[in-house]
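Colleague: Take this structure, written in structure tokens, and hold onto it; I'll ask about it next.
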Amino acid sequence: MSHNKTSISIVLIGAGNRGRGIFGQYALDFPHRAKFVAVVEPDADRRASFSAAHAIPEDRQFSSVAEFFAKHPGKIADGLIIATQENVRAEAIELALEAGYAVLCEKPLGLNALDVIAVTDTAKKHEGLFMVCHQMRYAPLYRTLKRLVVSGEYGKVVNIEHSENLDFEHMAHSYVRGYFNNDALTPMILAKSCHDMDLLLYLTAAKPLRISSFGSLSHFRSENAPAGAPKYCLDGCPAAATCPYDVQRAYFRPNTDPAYLRQMGIIKDRLHLMELLKTSRFGRCVYHCDNNVVDHQVCSIEFEGGVTASFTMTGHNAIERRRTRIQLTDGEIELDSFKKTIEIRKFSTGDFEVLTPPLGGTHSGGDVAIMQNFVETILSGNQRQVLTSVAESLDSHLLAFAAERSRKTNQCLEISDFEAGVRQLQQND
Ligand SMILES: NC(=O)c1ccc[n+]([C@@H]2O[C@H](COP(=O)([O-])OP(=O)(O)OC[C@H]3O[C@@H](n4cnc5c(N)ncnc54)[C@H](O)[C@@H]3O)[C@@H](O)[C@H]2O)c1
């Protein structure tokens with residue numbers, strides 16, 4: 001890469017919520033660093049809207065991955081970002097790596113352990129850059145936490161208590177009404193918490209050995225529906241005034257999460273949204289959906305060196321946040337992503353300190369930070385600055401899949417046995 005070059009060109013595959021709102025927005029906010037030069041998106045409205053925002057000419061707009069690579073088998077940009085849903089990943093990853101693109105791919109990498117192993121094996125064969133969007137590692141809050149852990153100042157890590165607390169609206173939007181509500185796509189522990197598995201790997205820097213997990217879908221079931229609740233909130237639900245999940249509360253507030261609306265497509269105005277919610281999957285009563293993923297799950301994990309970790313994921317919280325408490329041999333460190341604080345207590349000195357690393361932006365600033373890293377790595381050619389290696393991405397996915405197997409089979413699983421079993425299936429295929 002030329003030393004004078006200060007910005008990169010990118011192809012986007014999938015101009016939905018993440019493609020448009022996170023990666024696309026980065027290029028609009030930092031036009032001197034990145035420019036999208038082609039888009040692949042089957043939905044005509046989304047494709048047109050993204051192309052207009054990024055001034056992408058008509059001959060660089062495509063409705064399928066096959067069409068794009070048939071026309072451009074070789075590289076037409078520095079980087080390529082894959083922001084489709086997880087059921088359409090493998091083809092794009094393989095073709096993009098073969099063409100020589102630096103690739104940033106949304107997580108999770110596939111629907112099952114077999115697919116993820118195949119994808120990561122493919123990525124390992126290529127020398128080019130392949131980053132998985134585990135952006136929490138890049139967030140200043142977690143980078144600070146990692147710095148404290150590796151400093152040695154507080155001794156060695158003994159145990160980690162980590163939790164992912166989704167607020168009740170996020171749970172309802174994404175995992176009850178939304179696209180990630182059914183394990184025919186992916187189990188919740190993968191869809192939501194492969195970030196958390198990844199953070200545990202980041203913080204322990206150790207191989208995971210075993211995992212056991214419990215959890216279920218307790219609340220969002222038809223038997224819990226208020227009397228007379230229709231299939232859609234806007235069909236005159238008698239409980240609308242008191243139901244926390246009523247769509248008029250969820251989607252018409254000035255502070256409604258814009259990601260929720262982006263997932264519904266291109267919303268023109270309030271009237272359009274109201275019409276849409278009469279028939280859209282996002283307008284459904286939360287007790288009458290086709291959801292089967294859990295609303296609470298816990299995991300216990302043992303890592304190499306005897307480090308242990310517990311992880312709790314629940315969808316019944318007033319406040320959305322991650323909490324991480326690390327017990328070390330000479331201290332205790334506690335992170336709260338809502339309070340934006342890291343509290344540190346050192347046993348030997350009695351010192352107590354509260355750090356407030358800068359935040360800002362979605363995913364505690366991780367979304368912008370991972371894009372900056374992608375751009376910098378392409379420009380410098382120095383892959384050592386990448387925090388998310390393919391091998392660790394595989395481990396985090398395997399942890400999530402093994403957790404789900406454990407939950408379903410009531411067994412404690414050895415991760416290496418689990419991986420070997422999946423690789424055996426691959427060979428028998
Ligand atoms: N890293 C994170 O924190 C984070 C957060 C949310 C979602 N995600 C992941 O990001 C991915 C995208 O999620 P989203 O919320 O943006 O979903 P989305 O449905 O809003 O966007 C996906 C887009 O891909 C398009 N698409 C479908 N098939 C395609 C194909 N063959 N080629 C090109 N485009 C195609 C869809 O039309 C849609 O516009 C999911 O895998 C999700 O799990 C990651």
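Quick note on naming: the chains in the structure tokens go A, B, ... in the order shown, residues restart at 1 in each chain, and ligands are numbered from 1 in order of appearance.
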Report the closest atom pair, with its distance in Å rounded to one decimal, for each residue of chain A that has an atom no farther than 7 Å from ligand 1; count only C-alpha atoms and all ligand atoms, sort by chain and then rising residue number, and write it as a Markdown table.
Modeller:
```
| residue | atom | partner | partner_atom_place_in_ligand_line | distance |
| --- | --- | --- | --- | --- |
| A:Ile13 | CA | ligand 1 | 33 (C) | 4.7 |
| A:Gly14 | CA | ligand 1 | 34 (N) | 3.4 |
| A:Ala15 | CA | ligand 1 | 39 (O) | 4.7 |
| A:Gly16 | CA | ligand 1 | 21 (O) | 3.3 |
| A:Asn17 | CA | ligand 1 | 16 (O) | 3.6 |
| A:Arg18 | CA | ligand 1 | 16 (O) | 3.7 |
| A:Gly19 | CA | ligand 1 | 16 (O) | 5.7 |
| A:Val40 | CA | ligand 1 | 33 (C) | 5.0 |
| A:Glu41 | CA | ligand 1 | 34 (N) | 4.1 |
| A:Pro42 | CA | ligand 1 | 37 (O) | 5.4 |
| A:Asp43 | CA | ligand 1 | 37 (O) | 5.0 |
| A:Arg46 | CA | ligand 1 | 39 (O) | 6.4 |
| A:Ser63 | CA | ligand 1 | 33 (C) | 6.8 |
| A:Ser64 | CA | ligand 1 | 32 (N) | 5.0 |
| A:Val65 | CA | ligand 1 | 32 (N) | 5.3 |
| A:Ala83 | CA | ligand 1 | 12 (C) | 4.9 |
| A:Thr84 | CA | ligand 1 | 24 (O) | 3.6 |
| A:Gln85 | CA | ligand 1 | 41 (O) | 3.6 |
| A:Glu86 | CA | ligand 1 | 41 (O) | 4.3 |
| A:Val88 | CA | ligand 1 | 31 (N) | 5.7 |
| A:Glu106 | CA | ligand 1 | 10 (O) | 5.0 |
| A:Lys107 | CA | ligand 1 | 9 (C) | 5.5 |
| A:Pro108 | CA | ligand 1 | 41 (O) | 5.9 |
| A:Cys133 | CA | ligand 1 | 1 (N) | 5.2 |
| A:His134 | CA | ligand 1 | 1 (N) | 6.0 |
| A:Gln135 | CA | ligand 1 | 1 (N) | 6.3 |
| A:Ala191 | CA | ligand 1 | 43 (O) | 5.7 |
| A:Arg262 | CA | ligand 1 | 20 (O) | 6.4 |
| A:Gln263 | CA | ligand 1 | 20 (O) | 4.1 |
| A:His363 | CA | ligand 1 | 3 (O) | 6.8 |
```
Colleague: Filtering to N, CA and C atoms, could you give me those residues as a PDB file, in the first residue's frame?
Modeller:
```
ATOM      1  N   ILE A  13     -21.460  -5.439   1.323  1.00  0.00           N
ATOM      2  CA  ILE A  13     -22.418  -6.507   1.016  1.00  0.00           C
ATOM      3  C   ILE A  13     -23.448  -6.524   2.143  1.00  0.00           C
ATOM      4  N   GLY A  14     -24.657  -6.089   1.832  1.00  0.00           N
ATOM      5  CA  GLY A  14     -25.731  -6.043   2.833  1.00  0.00           C
ATOM      6  C   GLY A  14     -25.891  -4.645   3.409  1.00  0.00           C
ATOM      7  N   ALA A  15     -26.831  -3.862   2.824  1.00  0.00           N
ATOM      8  CA  ALA A  15     -27.009  -2.475   3.272  1.00  0.00           C
ATOM      9  C   ALA A  15     -28.215  -2.366   4.208  1.00  0.00           C
ATOM     10  N   GLY A  16     -28.231  -3.208   5.235  1.00  0.00           N
ATOM     11  CA  GLY A  16     -29.321  -3.160   6.217  1.00  0.00           C
ATOM     12  C   GLY A  16     -28.941  -2.289   7.399  1.00  0.00           C
ATOM     13  N   ASN A  17     -29.415  -2.685   8.575  1.00  0.00           N
ATOM     14  CA  ASN A  17     -29.176  -1.909   9.787  1.00  0.00           C
ATOM     15  C   ASN A  17     -27.702  -1.635  10.032  1.00  0.00           C
ATOM     16  N   ARG A  18     -26.882  -2.674  10.075  1.00  0.00           N
ATOM     17  CA  ARG A  18     -25.447  -2.497  10.359  1.00  0.00           C
ATOM     18  C   ARG A  18     -24.714  -1.912   9.149  1.00  0.00           C
ATOM     19  N   GLY A  19     -25.045  -2.440   7.970  1.00  0.00           N
ATOM     20  CA  GLY A  19     -24.351  -1.983   6.769  1.00  0.00           C
ATOM     21  C   GLY A  19     -24.533  -0.490   6.554  1.00  0.00           C
ATOM     22  N   VAL A  40     -23.808  -4.328  -2.665  1.00  0.00           N
ATOM     23  CA  VAL A  40     -24.594  -5.507  -3.036  1.00  0.00           C
ATOM     24  C   VAL A  40     -25.734  -5.607  -2.020  1.00  0.00           C
ATOM     25  N   GLU A  41     -26.962  -5.483  -2.499  1.00  0.00           N
ATOM     26  CA  GLU A  41     -28.120  -5.504  -1.588  1.00  0.00           C
ATOM     27  C   GLU A  41     -29.348  -5.904  -2.398  1.00  0.00           C
ATOM     28  N   PRO A  42     -30.015  -7.012  -2.045  1.00  0.00           N
ATOM     29  CA  PRO A  42     -31.173  -7.453  -2.836  1.00  0.00           C
ATOM     30  C   PRO A  42     -32.398  -6.542  -2.718  1.00  0.00           C
ATOM     31  N   ASP A  43     -32.549  -5.849  -1.584  1.00  0.00           N
ATOM     32  CA  ASP A  43     -33.724  -4.991  -1.395  1.00  0.00           C
ATOM     33  C   ASP A  43     -33.506  -3.677  -2.163  1.00  0.00           C
ATOM     34  N   ARG A  46     -33.402  -0.291  -0.167  1.00  0.00           N
ATOM     35  CA  ARG A  46     -32.174  -0.146   0.637  1.00  0.00           C
ATOM     36  C   ARG A  46     -30.971   0.122  -0.264  1.00  0.00           C
ATOM     37  N   SER A  63     -27.565  -6.694  -6.998  1.00  0.00           N
ATOM     38  CA  SER A  63     -28.591  -7.276  -6.129  1.00  0.00           C
ATOM     39  C   SER A  63     -28.184  -8.646  -5.597  1.00  0.00           C
ATOM     40  N   SER A  64     -27.048  -9.183  -6.048  1.00  0.00           N
ATOM     41  CA  SER A  64     -26.605 -10.446  -5.458  1.00  0.00           C
ATOM     42  C   SER A  64     -25.081 -10.546  -5.471  1.00  0.00           C
ATOM     43  N   VAL A  65     -24.579 -11.359  -4.556  1.00  0.00           N
ATOM     44  CA  VAL A  65     -23.132 -11.581  -4.435  1.00  0.00           C
ATOM     45  C   VAL A  65     -22.610 -12.192  -5.735  1.00  0.00           C
ATOM     46  N   ALA A  83     -22.092  -7.460   5.722  1.00  0.00           N
ATOM     47  CA  ALA A  83     -23.053  -7.113   6.785  1.00  0.00           C
ATOM     48  C   ALA A  83     -24.422  -7.702   6.488  1.00  0.00           C
ATOM     49  N   THR A  84     -24.428  -8.855   5.831  1.00  0.00           N
ATOM     50  CA  THR A  84     -25.681  -9.595   5.652  1.00  0.00           C
ATOM     51  C   THR A  84     -25.998 -10.283   6.977  1.00  0.00           C
ATOM     52  N   GLN A  85     -27.138 -10.948   7.019  1.00  0.00           N
ATOM     53  CA  GLN A  85     -27.375 -11.780   8.192  1.00  0.00           C
ATOM     54  C   GLN A  85     -26.551 -13.054   8.069  1.00  0.00           C
ATOM     55  N   GLU A  86     -26.488 -13.791   9.156  1.00  0.00           N
ATOM     56  CA  GLU A  86     -25.524 -14.890   9.236  1.00  0.00           C
ATOM     57  C   GLU A  86     -25.828 -16.077   8.321  1.00  0.00           C
ATOM     58  N   VAL A  88     -26.229 -15.809   5.168  1.00  0.00           N
ATOM     59  CA  VAL A  88     -25.584 -15.583   3.869  1.00  0.00           C
ATOM     60  C   VAL A  88     -24.199 -14.971   4.063  1.00  0.00           C
ATOM     61  N   GLU A 106     -19.342  -9.304   9.619  1.00  0.00           N
ATOM     62  CA  GLU A 106     -20.175  -9.270  10.831  1.00  0.00           C
ATOM     63  C   GLU A 106     -20.152 -10.627  11.531  1.00  0.00           C
ATOM     64  N   LYS A 107     -20.373 -10.599  12.800  1.00  0.00           N
ATOM     65  CA  LYS A 107     -20.514 -11.832  13.565  1.00  0.00           C
ATOM     66  C   LYS A 107     -21.987 -12.182  13.617  1.00  0.00           C
ATOM     67  N   PRO A 108     -22.407 -13.386  13.912  1.00  0.00           N
ATOM     68  CA  PRO A 108     -21.594 -14.586  13.947  1.00  0.00           C
ATOM     69  C   PRO A 108     -21.237 -15.035  12.523  1.00  0.00           C
ATOM     70  N   CYS A 133     -16.325  -8.912  13.239  1.00  0.00           N
ATOM     71  CA  CYS A 133     -16.775  -7.689  13.912  1.00  0.00           C
ATOM     72  C   CYS A 133     -17.061  -7.912  15.402  1.00  0.00           C
ATOM     73  N   HIS A 134     -16.010  -8.300  16.116  1.00  0.00           N
ATOM     74  CA  HIS A 134     -16.088  -8.371  17.579  1.00  0.00           C
ATOM     75  C   HIS A 134     -15.602  -7.037  18.113  1.00  0.00           C
ATOM     76  N   GLN A 135     -16.448  -6.027  17.910  1.00  0.00           N
ATOM     77  CA  GLN A 135     -15.976  -4.664  18.149  1.00  0.00           C
ATOM     78  C   GLN A 135     -15.848  -4.304  19.620  1.00  0.00           C
ATOM     79  N   ALA A 191     -26.134 -15.498  18.835  1.00  0.00           N
ATOM     80  CA  ALA A 191     -26.547 -14.236  18.215  1.00  0.00           C
ATOM     81  C   ALA A 191     -26.195 -13.056  19.115  1.00  0.00           C
ATOM     82  N   ARG A 262     -34.154   0.998  11.452  1.00  0.00           N
ATOM     83  CA  ARG A 262     -33.365   0.626  10.264  1.00  0.00           C
ATOM     84  C   ARG A 262     -33.616  -0.822   9.874  1.00  0.00           C
ATOM     85  N   GLN A 263     -33.825  -1.671  10.898  1.00  0.00           N
ATOM     86  CA  GLN A 263     -34.045  -3.085  10.580  1.00  0.00           C
ATOM     87  C   GLN A 263     -35.362  -3.303   9.852  1.00  0.00           C
ATOM     88  N   HIS A 363     -22.209   0.612  20.836  1.00  0.00           N
ATOM     89  CA  HIS A 363     -21.374  -0.451  21.411  1.00  0.00           C
ATOM     90  C   HIS A 363     -20.174   0.138  22.156  1.00  0.00           C
TER      91      HIS A 363
END
```
Colleague: Can you tell me which residues surround Leu355 of chain A at a distance of at most 7 Å, considering only C-alpha atoms, apart from same-chain residues fewer than 4 positions away, and format the answer as JSON, numbers by chain?
Modeller: {"A": [341, 342, 343]}
Colleague: Take the residues from that selection and write them out as a tab-separated table (two decimals), in the first residue's frame, keeping N, CA, C and O atoms.
Modeller:
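For reference, selection-v2.tsv as written:
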```tsv
chain	number	residue	atom	x	y	z
A	341	THR	N	-18.01	3.12	34.09
A	341	THR	CA	-16.93	3.20	35.08
A	341	THR	C	-16.19	1.87	35.20
A	341	THR	O	-16.74	0.80	34.92
A	342	ILE	N	-14.93	1.99	35.62
A	342	ILE	CA	-14.16	0.81	36.05
A	342	ILE	C	-13.66	1.11	37.45
A	342	ILE	O	-12.91	2.08	37.65
A	343	GLU	N	-14.10	0.32	38.42
A	343	GLU	CA	-13.65	0.52	39.82
A	343	GLU	C	-12.56	-0.50	40.12
A	343	GLU	O	-12.70	-1.68	39.82
```
Colleague: Taking only C-alpha atoms into account, which of A:Val386, A:Val368, A:Leu114, A:Val375 comes nearest Gln424 of chain A?
Modeller: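 So, comparing all the options, the nearest one is A:Leu114.
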Colleague: Have a look at A:Leu217, A:Cys299, A:Ile10, A:Cys285 and name the one nearest to Gly236 of chain A; count only C-alpha atoms.
Modeller: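 That would be A:Cys285, the residue with the smallest distance to Gly236 of chain A.
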Colleague: Just the residues within 8 Å of segment 400-403 of chain A, please, counting only C-alpha atoms, with nothing from its chain fewer than 4 positions along; format it as a VMD selection string.
Modeller: chain A and resid 112 to 113 189 to 190 193 to 194 197 211 to 213 299 396 407 413 415 418
Colleague: Which residue out of A:Asn182, A:Phe252, A:Pro226, A:Tyr142 has the minimum interatomic distance to Asp269 of chain A when only C-alpha atoms are used?
Modeller: A:Phe252
Colleague: Would you please give, as JSON, numbers by chain, all residues of segment 146-196 of chain A that DSSP assigns to alpha helix (DSSP H) based on the backbone?
Modeller: {"A": [146, 147, 148, 149, 150, 168, 169, 170, 188, 189, 190, 191, 194, 195, 196]}
Colleague: Which parts of segment 73-246 of chain A does DSSP call strand (DSSP E or B) when run on the backbone here, written out as a ChimeraX atom specification?
Modeller: /A:79-82,102-105,130-132,157-167,208-216,232
Colleague: Next, the residues of the selection above should be written as a short mmCIF file (atom, residue, chain, number, x, y, z; two decimals), in the first residue's frame with N, CA, C and O atoms.
Modeller:
```
data_model
loop_
_atom_site.label_atom_id
_atom_site.label_comp_id
_atom_site.auth_asym_id
_atom_site.auth_seq_id
_atom_site.Cartn_x
_atom_site.Cartn_y
_atom_site.Cartn_z
N GLY A 79 -11.09 -2.73 0.53
CA GLY A 79 -11.74 -3.56 1.53
C GLY A 79 -13.13 -3.98 1.12
O GLY A 79 -13.72 -3.41 0.18
N LEU A 80 -13.65 -4.98 1.82
CA LEU A 80 -15.02 -5.44 1.56
C LEU A 80 -15.64 -5.78 2.91
O LEU A 80 -15.02 -6.47 3.73
N ILE A 81 -16.83 -5.24 3.15
CA ILE A 81 -17.50 -5.49 4.43
C ILE A 81 -18.74 -6.35 4.20
O ILE A 81 -19.55 -6.05 3.31
N ILE A 82 -18.86 -7.41 4.99
CA ILE A 82 -20.01 -8.31 4.85
C ILE A 82 -20.95 -8.07 6.03
O ILE A 82 -20.63 -8.40 7.17
N ALA A 102 -9.32 -7.13 1.63
CA ALA A 102 -9.26 -7.13 3.09
C ALA A 102 -10.72 -7.19 3.54
O ALA A 102 -11.54 -6.39 3.08
N VAL A 103 -11.06 -8.13 4.42
CA VAL A 103 -12.48 -8.36 4.73
C VAL A 103 -12.79 -8.06 6.20
O VAL A 103 -12.06 -8.47 7.11
N LEU A 104 -13.87 -7.32 6.40
CA LEU A 104 -14.45 -7.17 7.74
C LEU A 104 -15.82 -7.83 7.68
O LEU A 104 -16.66 -7.45 6.85
N CYS A 105 -16.03 -8.84 8.52
CA CYS A 105 -17.27 -9.62 8.43
C CYS A 105 -18.04 -9.53 9.74
O CYS A 105 -17.47 -9.65 10.82
N PHE A 130 -8.52 -10.61 7.52
CA PHE A 130 -9.89 -11.07 7.75
C PHE A 130 -10.25 -10.74 9.20
O PHE A 130 -9.72 -11.34 10.13
N MET A 131 -11.12 -9.76 9.37
CA MET A 131 -11.51 -9.35 10.73
C MET A 131 -12.97 -9.70 10.98
O MET A 131 -13.81 -9.49 10.11
N VAL A 132 -13.25 -10.23 12.16
CA VAL A 132 -14.63 -10.50 12.55
C VAL A 132 -15.08 -9.33 13.42
O VAL A 132 -14.31 -8.82 14.22
N VAL A 157 -5.36 -13.23 37.17
CA VAL A 157 -6.82 -13.41 37.16
C VAL A 157 -7.16 -14.78 37.75
O VAL A 157 -6.56 -15.80 37.38
N VAL A 158 -8.13 -14.78 38.67
CA VAL A 158 -8.59 -16.03 39.27
C VAL A 158 -9.98 -16.39 38.72
O VAL A 158 -10.24 -17.52 38.35
N ASN A 159 -10.84 -15.36 38.64
CA ASN A 159 -12.23 -15.63 38.24
C ASN A 159 -12.83 -14.38 37.61
O ASN A 159 -12.45 -13.25 37.96
N ILE A 160 -13.78 -14.59 36.70
CA ILE A 160 -14.50 -13.45 36.10
C ILE A 160 -16.01 -13.71 36.20
O ILE A 160 -16.48 -14.81 35.86
N GLU A 161 -16.72 -12.69 36.69
CA GLU A 161 -18.19 -12.75 36.64
C GLU A 161 -18.61 -11.75 35.58
O GLU A 161 -18.32 -10.55 35.71
N HIS A 162 -19.28 -12.23 34.55
CA HIS A 162 -19.63 -11.33 33.45
C HIS A 162 -21.12 -11.47 33.16
O HIS A 162 -21.67 -12.57 33.22
N SER A 163 -21.77 -10.36 32.85
CA SER A 163 -23.19 -10.47 32.48
C SER A 163 -23.53 -9.52 31.35
O SER A 163 -22.94 -8.45 31.21
N GLU A 164 -24.48 -9.96 30.54
CA GLU A 164 -25.02 -9.16 29.45
C GLU A 164 -26.49 -8.99 29.78
O GLU A 164 -27.27 -9.96 29.76
N ASN A 165 -26.85 -7.76 30.14
CA ASN A 165 -28.22 -7.48 30.56
C ASN A 165 -28.92 -6.69 29.46
O ASN A 165 -28.69 -5.50 29.31
N LEU A 166 -29.78 -7.38 28.72
CA LEU A 166 -30.51 -6.67 27.66
C LEU A 166 -31.71 -5.99 28.28
O LEU A 166 -32.40 -6.59 29.12
N ASP A 167 -32.00 -4.77 27.83
CA ASP A 167 -33.22 -4.18 28.36
C ASP A 167 -34.42 -4.86 27.70
O ASP A 167 -34.30 -5.48 26.64
N PRO A 208 -10.22 -21.90 26.30
CA PRO A 208 -11.32 -22.43 27.11
C PRO A 208 -11.27 -23.96 27.11
O PRO A 208 -11.02 -24.57 26.08
N LEU A 209 -11.48 -24.55 28.28
CA LEU A 209 -11.41 -26.01 28.38
C LEU A 209 -12.79 -26.66 28.41
O LEU A 209 -13.05 -27.61 27.71
N ARG A 210 -13.67 -26.15 29.33
CA ARG A 210 -14.99 -26.80 29.49
C ARG A 210 -16.08 -25.77 29.73
O ARG A 210 -15.79 -24.68 30.24
N ILE A 211 -17.28 -26.19 29.42
CA ILE A 211 -18.42 -25.28 29.64
C ILE A 211 -19.66 -26.07 30.03
O ILE A 211 -19.85 -27.20 29.57
N SER A 212 -20.47 -25.48 30.92
CA SER A 212 -21.81 -26.03 31.15
C SER A 212 -22.79 -24.86 31.19
O SER A 212 -22.42 -23.74 31.53
N SER A 213 -24.01 -25.13 30.80
CA SER A 213 -24.95 -24.02 30.64
C SER A 213 -26.39 -24.45 30.92
O SER A 213 -26.77 -25.59 30.65
N PHE A 214 -27.17 -23.50 31.46
CA PHE A 214 -28.60 -23.72 31.72
C PHE A 214 -29.36 -22.49 31.25
O PHE A 214 -28.81 -21.40 31.25
N GLY A 215 -30.63 -22.68 30.91
CA GLY A 215 -31.43 -21.52 30.52
C GLY A 215 -32.68 -21.97 29.81
O GLY A 215 -32.82 -23.14 29.44
N SER A 216 -33.62 -21.03 29.65
CA SER A 216 -34.87 -21.38 28.96
C SER A 216 -35.60 -20.12 28.52
O SER A 216 -35.20 -19.00 28.85
N TYR A 232 -51.53 -8.79 16.55
CA TYR A 232 -50.77 -7.55 16.34
C TYR A 232 -51.24 -6.51 17.36
O TYR A 232 -52.45 -6.35 17.57
#
```
Colleague: Name the closest residue to Leu335 of chain A among the candidates A:Thr409, A:Asn292, A:Thr144, A:Ser7; distances are taken between atoms, counting only C-alpha atoms.
Modeller: A:Thr144
